[in-house]
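Text of final-v6.csv (CSV, C-alpha atoms) as supplied:
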chain,number,residue,atom,x,y,z
N,283,MET,CA,33.5,20.3,-11.6
N,284,ARG,CA,30.2,19.5,-9.9
N,285,ARG,CA,31.7,16.7,-7.9
N,286,LEU,CA,34.3,19.0,-6.3
N,287,HIS,CA,34.0,19.3,-2.6
N,288,VAL,CA,34.2,22.6,-0.8
N,289,LEU,CA,37.7,21.6,0.5
N,290,ASP,CA,38.7,21.1,-3.2
N,291,TRP,CA,37.7,24.7,-4.0
N,292,VAL,CA,39.6,25.9,-0.9
N,293,GLY,CA,42.7,24.2,-2.2
N,294,ILE,CA,42.3,25.5,-5.7
N,295,GLY,CA,41.7,29.0,-4.3
N,296,LEU,CA,44.8,28.8,-2.2
N,297,PHE,CA,46.9,27.6,-5.2
N,298,PHE,CA,45.8,30.4,-7.4
N,299,ALA,CA,46.1,33.0,-4.6
N,300,GLY,CA,49.7,31.8,-4.0
N,301,GLY,CA,50.5,32.0,-7.7
N,302,ALA,CA,49.0,35.5,-7.9
N,303,ALA,CA,51.0,36.6,-4.9
N,304,ALA,CA,54.2,35.5,-6.7
N,305,ALA,CA,53.2,37.0,-10.0
N,306,GLY,CA,52.1,40.2,-8.5
N,307,GLY,CA,55.3,40.8,-6.4
N,308,LEU,CA,53.7,40.2,-3.0
N,309,LEU,CA,56.0,37.2,-2.7
N,310,PRO,CA,59.4,37.6,-4.3
N,311,VAL,CA,60.0,35.1,-7.1
N,312,ALA,CA,63.2,33.9,-5.5
N,313,GLU,CA,61.3,33.1,-2.3
N,314,ALA,CA,58.5,31.4,-4.2
N,315,GLU,CA,61.1,29.2,-6.1
N,316,ALA,CA,62.8,28.3,-2.9
N,317,THR,CA,59.5,27.3,-1.3
N,318,VAL,CA,58.6,25.1,-4.3
N,319,GLU,CA,62.1,23.5,-4.2
N,320,ARG,CA,61.7,22.8,-0.5
N,321,ILE,CA,58.3,21.2,-0.7
N,322,ALA,CA,58.9,19.2,-4.0
N,323,PRO,CA,60.3,16.1,-2.1
N,324,LEU,CA,57.5,16.4,0.4
N,325,LEU,CA,54.9,16.5,-2.3
N,326,ALA,CA,56.4,13.4,-4.0
N,327,PHE,CA,56.4,11.6,-0.7
N,328,LEU,CA,52.8,12.6,0.1
N,329,GLY,CA,51.5,11.6,-3.3
N,330,ALA,CA,53.3,8.2,-3.2
N,331,VAL,CA,52.3,7.3,0.4
N,332,ILE,CA,48.6,8.1,-0.2
N,333,VAL,CA,48.7,5.9,-3.3
N,334,LEU,CA,50.4,3.2,-1.2
N,335,ALA,CA,47.8,3.5,1.5
N,336,GLU,CA,44.8,3.6,-0.9
N,337,LEU,CA,45.9,0.4,-2.6
N,338,THR,CA,46.8,-1.2,0.7
N,339,ALA,CA,43.2,-0.5,1.8
N,340,ARG,CA,41.9,-1.9,-1.5
N,341,ALA,CA,43.9,-5.1,-0.8
N,342,GLU,CA,42.0,-5.3,2.5
N,343,VAL,CA,45.1,-5.2,4.7
N,344,PHE,CA,43.4,-2.8,7.1
N,345,ASP,CA,40.2,-4.9,7.3
N,346,VAL,CA,42.2,-8.1,8.1
N,347,LEU,CA,44.3,-6.3,10.8
N,348,ALA,CA,41.2,-4.7,12.4
N,349,ASP,CA,39.4,-8.1,12.6
N,350,ARG,CA,42.5,-9.8,14.0
N,351,LEU,CA,42.7,-7.1,16.7
N,352,ALA,CA,39.0,-7.6,17.5
N,353,VAL,CA,39.6,-11.3,17.8
N,354,LEU,CA,42.6,-10.6,20.0
N,355,ALA,CA,40.3,-8.5,22.4
N,356,ARG,CA,38.3,-11.8,23.1
N,357,GLY,CA,35.0,-10.0,23.4
N,358,ARG,CA,36.1,-7.5,26.0
N,359,THR,CA,35.6,-3.8,25.3
N,360,VAL,CA,38.5,-2.7,27.5
N,361,ALA,CA,40.8,-4.9,25.4
N,362,LEU,CA,39.2,-3.7,22.2
N,363,PHE,CA,39.9,-0.1,23.3
N,364,GLY,CA,43.5,-0.9,23.8
N,365,VAL,CA,44.0,-2.5,20.5
N,366,CYS,CA,42.1,0.3,18.6
N,367,VAL,CA,44.4,2.9,20.3
N,368,ALA,CA,47.4,0.9,19.3
N,369,PHE,CA,46.1,0.3,15.7
N,370,ALA,CA,45.3,4.0,15.1
N,371,SER,CA,48.6,5.1,16.7
N,372,VAL,CA,50.8,2.7,14.6
N,373,THR,CA,49.0,3.6,11.4
N,374,THR,CA,49.5,7.3,12.0
N,375,MET,CA,53.2,6.9,12.9
N,376,ILE,CA,54.0,4.8,9.9
N,377,LEU,CA,51.7,5.9,7.1
N,378,ASN,CA,50.9,9.5,8.3
N,379,LEU,CA,47.8,11.1,9.8
N,380,ASP,CA,45.9,11.6,6.6
N,381,THR,CA,46.0,7.9,5.9
N,382,THR,CA,44.5,7.2,9.4
N,383,ALA,CA,41.8,9.8,9.0
N,384,VAL,CA,40.8,8.9,5.4
N,385,LEU,CA,41.3,5.1,5.2
N,386,LEU,CA,41.2,3.8,8.7
N,387,THR,CA,37.9,5.6,9.7
N,388,PRO,CA,35.7,3.5,7.3
N,389,VAL,CA,37.4,0.4,8.6
N,390,MET,CA,36.7,1.3,12.2
N,391,LEU,CA,33.1,2.2,11.4
N,392,ALA,CA,32.6,-1.1,9.7
N,393,LEU,CA,34.2,-3.0,12.6
N,394,ALA,CA,31.8,-1.2,15.1
N,395,ARG,CA,28.8,-2.3,13.0
N,396,ARG,CA,30.1,-5.9,12.8
N,397,LEU,CA,30.6,-6.0,16.6
N,398,GLN,CA,27.2,-4.2,17.2
N,399,LEU,CA,29.0,-1.4,19.1
N,400,PRO,CA,28.3,2.3,18.9
N,401,PRO,CA,30.5,3.7,16.1
N,402,LEU,CA,31.3,7.1,17.6
N,403,PRO,CA,33.9,5.9,20.2
N,404,LEU,CA,35.9,4.1,17.4
N,405,ALA,CA,35.6,7.0,15.1
N,406,VAL,CA,36.8,9.6,17.6
N,407,THR,CA,39.7,7.2,18.5
N,408,THR,CA,40.7,7.4,14.9
N,409,VAL,CA,40.7,11.1,14.4
N,410,TRP,CA,42.2,12.1,17.8
N,411,LEU,CA,45.1,9.7,17.4
N,412,ALA,CA,45.5,10.7,13.8
N,413,ASN,CA,46.7,14.0,15.3
N,414,THR,CA,48.2,13.2,18.6
N,415,ALA,CA,50.1,10.1,17.5
N,416,SER,CA,51.8,12.0,14.7
N,417,LEU,CA,54.9,13.1,16.6
N,418,LEU,CA,57.3,10.1,16.4
N,419,LEU,CA,58.7,9.9,12.9
N,420,PRO,CA,59.1,12.5,10.0
N,421,VAL,CA,56.7,10.5,7.9
N,422,SER,CA,53.9,10.8,10.5
N,423,ASN,CA,53.0,14.4,9.6
N,424,LEU,CA,54.0,16.9,7.0
N,425,THR,CA,55.0,19.3,9.7
N,426,ASN,CA,57.5,16.7,11.0
N,427,LEU,CA,59.1,16.5,7.6
N,428,LEU,CA,59.5,20.3,7.6
N,429,ALA,CA,60.9,20.3,11.1
N,430,ALA,CA,63.3,17.3,10.6
N,431,GLY,CA,64.7,19.0,7.4
N,432,HIS,CA,65.0,22.3,9.2
N,433,VAL,CA,67.0,21.0,12.2
N,434,GLY,CA,68.8,18.2,10.2
N,435,LEU,CA,67.4,15.2,12.1
N,436,GLY,CA,67.1,11.8,10.3
N,437,PRO,CA,64.2,9.4,11.2
N,438,VAL,CA,66.1,7.6,13.9
N,439,ALA,CA,67.5,10.7,15.5
N,440,PHE,CA,64.1,12.4,15.2
N,441,ALA,CA,62.4,9.4,17.0
N,442,GLY,CA,65.1,9.6,19.6
N,443,ARG,CA,64.0,13.1,20.5
N,444,MET,CA,60.2,12.6,20.1
N,445,TRP,CA,59.5,9.1,21.5
N,446,LEU,CA,58.8,10.3,25.1
N,447,PRO,CA,56.6,13.3,24.0
N,448,GLN,CA,54.8,10.9,21.7
N,449,LEU,CA,54.1,8.5,24.6
N,450,ALA,CA,52.9,11.3,26.7
N,451,ALA,CA,50.5,12.6,24.0
N,452,ILE,CA,49.0,9.1,23.4
N,453,SER,CA,48.6,8.5,27.1
N,454,VAL,CA,46.6,11.7,27.6
N,455,THR,CA,44.5,10.9,24.5
N,456,ALA,CA,43.7,7.4,25.7
N,457,ILE,CA,42.6,8.6,29.1
N,458,VAL,CA,40.2,11.2,27.8
N,459,LEU,CA,39.0,8.8,25.1
N,460,TRP,CA,38.1,6.2,27.8
N,461,VAL,CA,36.4,8.7,30.1
N,462,ALA,CA,34.5,10.7,27.4
N,463,TYR,CA,33.5,8.0,24.9
N,464,TRP,CA,34.4,4.4,25.7
N,465,ARG,CA,33.5,4.0,29.4
N,466,ARG,CA,29.8,4.2,28.7
N,467,THR,CA,29.9,1.5,26.1
N,468,ALA,CA,32.0,-1.0,28.1
N,469,ARG,CA,30.4,-4.4,27.6
N,470,HIS,CA,31.1,-7.8,26.0
N,471,PHE,CA,30.8,-8.4,22.3
N,472,THR,CA,31.0,-11.4,20.0
N,473,PRO,CA,34.3,-11.5,18.1
N,474,PRO,CA,33.9,-11.6,14.3
N,475,ALA,CA,35.0,-14.4,12.1
N,476,PRO,CA,38.5,-13.7,10.7
N,477,HIS,CA,38.3,-11.6,7.5
N,478,ARG,CA,39.6,-13.3,4.4
N,479,PRO,CA,40.8,-11.0,1.6
N,480,ARG,CA,39.4,-11.7,-1.9
N,481,ASP,CA,42.8,-11.8,-3.5
N,482,LEU,CA,45.5,-13.3,-1.2
N,483,THR,CA,48.3,-12.3,-3.6
N,484,LEU,CA,47.3,-8.6,-3.5
N,485,PHE,CA,47.0,-8.8,0.3
N,486,ARG,CA,50.5,-10.3,0.7
N,487,VAL,CA,52.2,-7.9,-1.8
N,488,ALA,CA,50.5,-4.8,-0.2
N,489,LEU,CA,51.5,-5.9,3.3
N,490,GLY,CA,55.1,-6.5,2.0
N,491,ALA,CA,55.2,-3.1,0.3
N,492,CYS,CA,54.2,-1.4,3.6
N,493,LEU,CA,57.0,-3.3,5.4
N,494,VAL,CA,59.5,-2.4,2.7
N,495,PHE,CA,58.5,1.3,3.1
N,496,VAL,CA,58.9,1.1,6.9
N,497,ALA,CA,62.3,-0.6,6.5
N,498,GLY,CA,63.3,2.2,4.1
N,499,VAL,CA,62.3,4.8,6.6
N,500,LEU,CA,64.3,3.1,9.4
N,501,ILE,CA,67.5,2.9,7.3
N,502,GLU,CA,67.0,6.5,6.3
N,503,VAL,CA,66.4,6.1,2.6
N,504,PRO,CA,64.9,9.4,1.3
N,505,LEU,CA,61.3,9.3,2.1
N,506,TRP,CA,60.1,10.1,-1.4
N,507,LEU,CA,62.2,7.2,-2.7
N,508,ALA,CA,61.1,4.7,-0.1
N,509,SER,CA,57.4,5.5,-0.5
N,510,GLY,CA,57.8,5.8,-4.3
N,511,VAL,CA,59.4,2.3,-4.7
N,512,ALA,CA,56.8,0.7,-2.4
N,513,ALA,CA,53.9,2.4,-4.3
N,514,ALA,CA,55.4,1.5,-7.7
N,515,VAL,CA,55.7,-2.2,-6.8
N,516,LEU,CA,52.1,-2.2,-5.6
N,517,VAL,CA,50.8,-0.4,-8.7
N,518,GLY,CA,52.6,-2.9,-10.9
N,519,VAL,CA,50.9,-5.8,-9.2
N,520,PHE,CA,47.5,-4.1,-9.3
N,521,ALA,CA,48.0,-3.5,-13.0
N,522,VAL,CA,48.1,-7.3,-13.5
N,523,ARG,CA,45.5,-8.4,-10.9
N,524,ASP,CA,43.0,-5.5,-10.4
N,525,ARG,CA,43.5,-2.9,-13.1
N,526,GLY,CA,40.2,-1.2,-12.3
N,527,ALA,CA,41.6,0.0,-9.0
N,528,LEU,CA,44.1,2.2,-10.9
N,529,ARG,CA,41.8,5.1,-11.6
N,530,PRO,CA,43.1,8.7,-12.0
N,531,GLY,CA,41.5,9.8,-8.7
N,532,LEU,CA,44.0,7.5,-6.9
N,533,LEU,CA,46.6,10.3,-7.1
N,534,PRO,CA,45.7,12.8,-4.4
N,535,TRP,CA,45.9,15.9,-6.6
N,536,ARG,CA,43.5,17.8,-4.3
N,537,LEU,CA,45.8,17.4,-1.4
N,538,LEU,CA,48.9,18.3,-3.4
N,539,VAL,CA,47.2,21.4,-4.7
N,540,PHE,CA,46.0,22.4,-1.2
N,541,VAL,CA,49.5,21.9,0.3
N,542,THR,CA,51.3,23.8,-2.5
N,543,GLY,CA,48.8,26.7,-2.3
N,544,MET,CA,48.9,26.8,1.5
N,545,PHE,CA,52.7,27.1,1.5
N,546,LEU,CA,52.8,29.9,-1.0
N,547,VAL,CA,50.0,31.9,0.8
N,548,VAL,CA,51.6,31.4,4.2
N,549,GLU,CA,55.0,32.4,2.9
N,550,THR,CA,53.4,35.6,1.5
N,551,LEU,CA,51.7,36.3,4.8
N,552,GLY,CA,54.9,35.6,6.6
N,553,ALA,CA,56.8,38.1,4.5
N,554,HIS,CA,54.2,40.7,5.5
N,555,GLY,CA,54.1,40.3,9.3
N,556,LEU,CA,52.8,36.8,10.2
N,557,ASP,CA,56.3,35.5,11.0
N,558,ARG,CA,57.1,38.5,13.1
N,559,PHE,CA,53.7,38.1,15.0
N,560,ALA,CA,54.4,34.4,15.6
N,561,GLY,CA,58.0,35.3,16.7
N,562,ASP,CA,56.6,37.8,19.2
N,563,LEU,CA,54.3,35.2,20.7
N,564,ILE,CA,57.0,32.6,20.9
N,565,GLY,CA,59.8,34.8,22.3
N,566,THR,CA,63.5,34.1,22.3
N,567,GLY,CA,63.8,32.1,25.5
N,568,ALA,CA,65.9,28.9,25.1
N,569,GLY,CA,64.8,27.3,28.4
N,570,ALA,CA,61.6,25.7,29.6
N,571,ALA,CA,59.6,28.9,29.4
N,572,GLY,CA,60.6,29.3,25.8
N,573,ALA,CA,59.6,25.8,24.9
N,574,PHE,CA,56.2,26.1,26.6
N,575,ARG,CA,55.6,29.4,24.9
N,576,ALA,CA,56.4,27.8,21.5
N,577,SER,CA,54.1,24.9,22.1
N,578,ALA,CA,51.3,27.1,23.4
N,579,THR,CA,51.7,29.4,20.3
N,580,GLY,CA,51.5,26.4,18.0
N,581,LEU,CA,48.4,25.1,19.7
N,582,GLY,CA,46.7,28.5,19.6
N,583,LEU,CA,47.5,29.4,16.0
N,584,ALA,CA,46.6,25.9,14.8
N,585,ASN,CA,43.1,26.3,16.2
N,586,VAL,CA,42.7,29.8,14.8
N,587,VAL,CA,43.9,29.0,11.3
N,588,ASN,CA,45.3,25.5,10.7
N,589,ASN,CA,48.2,23.5,12.0
N,590,LEU,CA,50.3,23.7,8.8
N,591,PRO,CA,50.4,27.5,8.4
N,592,ALA,CA,50.8,27.7,12.2
N,593,TYR,CA,54.0,25.6,12.0
N,594,ILE,CA,55.3,27.5,9.0
N,595,ALA,CA,54.7,30.9,10.7
N,596,GLY,CA,56.2,29.7,13.9
N,597,GLU,CA,59.2,28.2,12.2
N,598,GLY,CA,59.9,31.6,10.6
N,599,GLY,CA,59.7,33.3,14.0
N,600,ILE,CA,62.1,31.0,15.9
N,601,GLY,CA,65.8,31.9,15.8
N,602,ALA,CA,68.5,29.6,14.3
N,603,GLY,CA,69.9,27.0,16.8
N,604,HIS,CA,66.8,26.9,19.0
N,605,ARG,CA,66.1,23.2,18.2
N,606,THR,CA,64.2,22.4,21.4
N,607,GLN,CA,61.9,25.4,20.9
N,608,LEU,CA,61.2,24.3,17.3
N,609,LEU,CA,60.3,20.8,18.4
N,610,ALA,CA,58.1,22.3,21.1
N,611,LEU,CA,56.3,24.2,18.4
N,612,LEU,CA,55.9,20.9,16.6
N,613,VAL,CA,54.2,19.4,19.7
N,614,GLY,CA,51.8,22.3,19.8
N,615,VAL,CA,50.8,22.1,16.1
N,616,ASN,CA,50.5,18.3,16.1
N,617,VAL,CA,48.8,17.5,19.4
N,618,GLY,CA,46.9,20.8,19.7
N,619,PRO,CA,44.6,21.1,16.7
N,620,LEU,CA,41.6,19.4,18.3
N,621,ALA,CA,39.6,22.3,19.6
N,622,ALA,CA,38.4,23.5,16.2
N,623,PRO,CA,37.1,21.5,13.2
N,624,TRP,CA,39.4,23.3,10.7
N,625,ALA,CA,42.5,23.1,12.8
N,626,SER,CA,43.8,20.0,10.9
N,627,LEU,CA,43.2,18.8,7.4
N,628,ALA,CA,43.0,15.3,8.8
N,629,THR,CA,40.1,16.3,11.0
N,630,LEU,CA,38.2,17.9,8.1
N,631,LEU,CA,38.7,14.8,6.0
N,632,TRP,CA,37.5,12.7,9.0
N,633,TRP,CA,34.3,14.7,9.4
N,634,GLU,CA,33.5,13.9,5.7
N,635,ARG,CA,34.1,10.2,6.2
N,636,CYS,CA,31.8,10.2,9.2
N,637,ARG,CA,29.1,12.0,7.3
N,638,ALA,CA,29.4,9.5,4.4
N,639,GLY,CA,29.1,6.7,7.0
N,640,ASP,CA,26.0,8.2,8.6
N,641,VAL,CA,27.7,8.7,11.9
N,642,ARG,CA,26.4,11.7,13.9
N,643,VAL,CA,29.2,13.5,15.8
N,644,PRO,CA,27.8,15.9,18.5
N,645,PRO,CA,30.1,18.9,17.8
N,646,VAL,CA,30.0,20.6,21.2
N,647,ARG,CA,31.0,17.5,23.1
N,648,PHE,CA,33.6,16.5,20.5
N,649,LEU,CA,35.3,19.9,20.5
N,650,LEU,CA,35.2,20.4,24.3
N,651,ALA,CA,36.7,17.0,24.9
N,652,GLY,CA,39.2,17.7,22.1
N,653,ALA,CA,40.2,20.9,23.8
N,654,VAL,CA,41.0,19.0,27.0
N,655,VAL,CA,43.2,16.6,25.0
N,656,ALA,CA,44.9,19.5,23.1
N,657,VAL,CA,45.8,21.5,26.2
N,658,ALA,CA,46.7,18.6,28.6
N,659,GLY,CA,48.4,16.6,25.8
N,660,THR,CA,50.5,19.6,24.6
N,661,ALA,CA,51.5,20.5,28.1
N,662,LEU,CA,52.6,17.0,29.1
N,663,ALA,CA,54.3,16.3,25.8
N,664,THR,CA,56.3,19.5,26.0
N,665,ALA,CA,57.4,18.6,29.6
N,666,ALA,CA,58.4,15.2,28.2
N,667,LEU,CA,60.4,16.9,25.4
N,668,LEU,CA,62.3,18.9,28.0
N,669,LEU,CA,63.2,15.7,29.9
Go ahead and render the structure in this file as structure tokens.
Amino acid sequence: MRRLHVLDWVGIGLFFAGGAAAAGGLLPVAEAEATVERIAPLLAFLGAVIVLAELTARAEVFDVLADRLAVLARGRTVALFGVCVAFASVTTMILNLDTTAVLLTPVMLALARRLQLPPLPLAVTTVWLANTASLLLPVSNLTNLLAAGHVGLGPVAFAGRMWLPQLAAISVTAIVLWVAYWRRTARHFTPPAPHRPRDLTLFRVALGACLVFVAGVLIEVPLWLASGVAAAVLVGVFAVRDRGALRPGLLPWRLLVFVTGMFLVVETLGAHGLDRFAGDLIGTGAGAAGAFRASATGLGLANVVNNLPAYIAGEGGIGAGHRTQLLALLVGVNVGPLAAPWASLATLLWWERCRAGDVRVPPVRFLLAGAVVAVAGTALATAALLL
């Protein structure tokens, strides 16, 4: 109990508050049951993909890829900037934003130290793209999973609608990253020696498991099944070759408790006026004005509360059949939560990783630059969605 972080206590508090709301009648039991049924596959996916990502990191896949990218940059900071943006974006799209924030951040910090570069530009690249690069696929963000299920879009169809908004959001992020953080550190560096994993078998199996997961997503296998099979294969190999890695803490119970409690609490608030308030902000317009109102509402609510409850409340306020407006809301809650440290769970997790790595993040500069990315990225991505 003494080792619990403040975020753990928040998650536990939300879980019990949601349960108390259902038990006390504030949230009808039927609605609570429907909520749990809706999120059960999402929780299964989230738990499996975090286990997959944790063991992939343990197998040193991220370390090898980061060093290969640094070698590819050939000592040029501009090229390193490009490959770091690509690395963080692809990791977010394929393994979700929490994986990028939790597991890629220490890799980027270690890479900066090996290259004798300031760690802050690489760290900020990781957390910004953990949020803004999470539009492309349903697996990229929990909000995407909710939206894809709500409008009935499979992974390929979802990507077909979101690839241009995703490109727009990453472009804005990259421009602000370069101007605000990377431009001042532009210089040559000595590429590192290629990283060699301690256990080549684990490395190969982990890389293969990730590729199997990606293939499952593309052929539209249920996400909980694709991530579960990939994670199970990797767990089985680790049980033989590195049993010490299979500790109880590998299962992200804190995150699962947090998400479950958050859903129940937000459903309760929605039943007592939050959905109606969000609906009034979004309006009922089906054209460009309606889409921009939806994305702006998502951006604003995400930075006031958090992007997950912002999406749930906004979804409840959007009428049936308004698919573009719903996807515009998704743009706002994914790209927008950069102007407040609590706006995204991934950002909170990233702050903890930076603190553990002794990286000082000037909050005013970080949040002001993040607000620029949030507003410009949301506006441009919404325009791209309308195209």
So which one's closest to Leu411 in chain N, N:Pro619, N:Gly498, N:Phe559, N:Glu549? Using all atoms listed in the file, please. N:Pro619
Mind checking which residues fall within 7 Å of Leu667 in chain N, counting only C-alpha atoms, ignoring those fewer than 6 positions away in the same chain, and posting them as number ranges by chain? N: 444, 446-447
Tell me, as a ChimeraX atom specification, which residues lie within 12 Å of Arg637 in chain N, counting only C-alpha atoms; anything in the same chain fewer than 3 positions away does not count. /N:387-388,391,402,405,630-634,640-644
Residues just named, written with C-alpha atoms as a compact mmCIF listing (two decimals), in the coordinates of the input:
# COMPACT_ATOMS: atom_id res chain seq x y z
CA THR N 387 37.90 5.60 9.70
CA PRO N 388 35.70 3.50 7.30
CA LEU N 391 33.10 2.20 11.40
CA LEU N 402 31.30 7.10 17.60
CA ALA N 405 35.60 7.00 15.10
CA LEU N 630 38.20 17.90 8.10
CA LEU N 631 38.70 14.80 6.00
CA TRP N 632 37.50 12.70 9.00
CA TRP N 633 34.30 14.70 9.40
CA GLU N 634 33.50 13.90 5.70
CA ASP N 640 26.00 8.20 8.60
CA VAL N 641 27.70 8.70 11.90
CA ARG N 642 26.40 11.70 13.90
CA VAL N 643 29.20 13.50 15.80
CA PRO N 644 27.80 15.90 18.50
Name all residues at most 9 Å from range 570-572 of chain N (count only C-alpha atoms; drop same-chain ones fewer than 6 positions away) and give them as a ChimeraX atom specification. /N:564,606-607,610,664-665,668
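CA of Ala497 in chain N to CA of Thr414 in chain N spans 23.1 Å [interatomic distance, one decimal].
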One residue among N:Ala621, N:Leu393, N:Ala415, N:Arg320 is nearest to Val454 in chain N when using all atoms listed in the file, and that residue is N:Ala415
Each side padded by 5 Å, which centre and which edge lengths in Å (one decimal) define the axis-aligned box around the listed atoms of range 584-595 of chain N? Give them as AutoDock Vina command-line options.
--center_x 49.0 --center_y 27.2 --center_z 12.3 --size_x 22.6 --size_y 17.4 --size_z 17.8
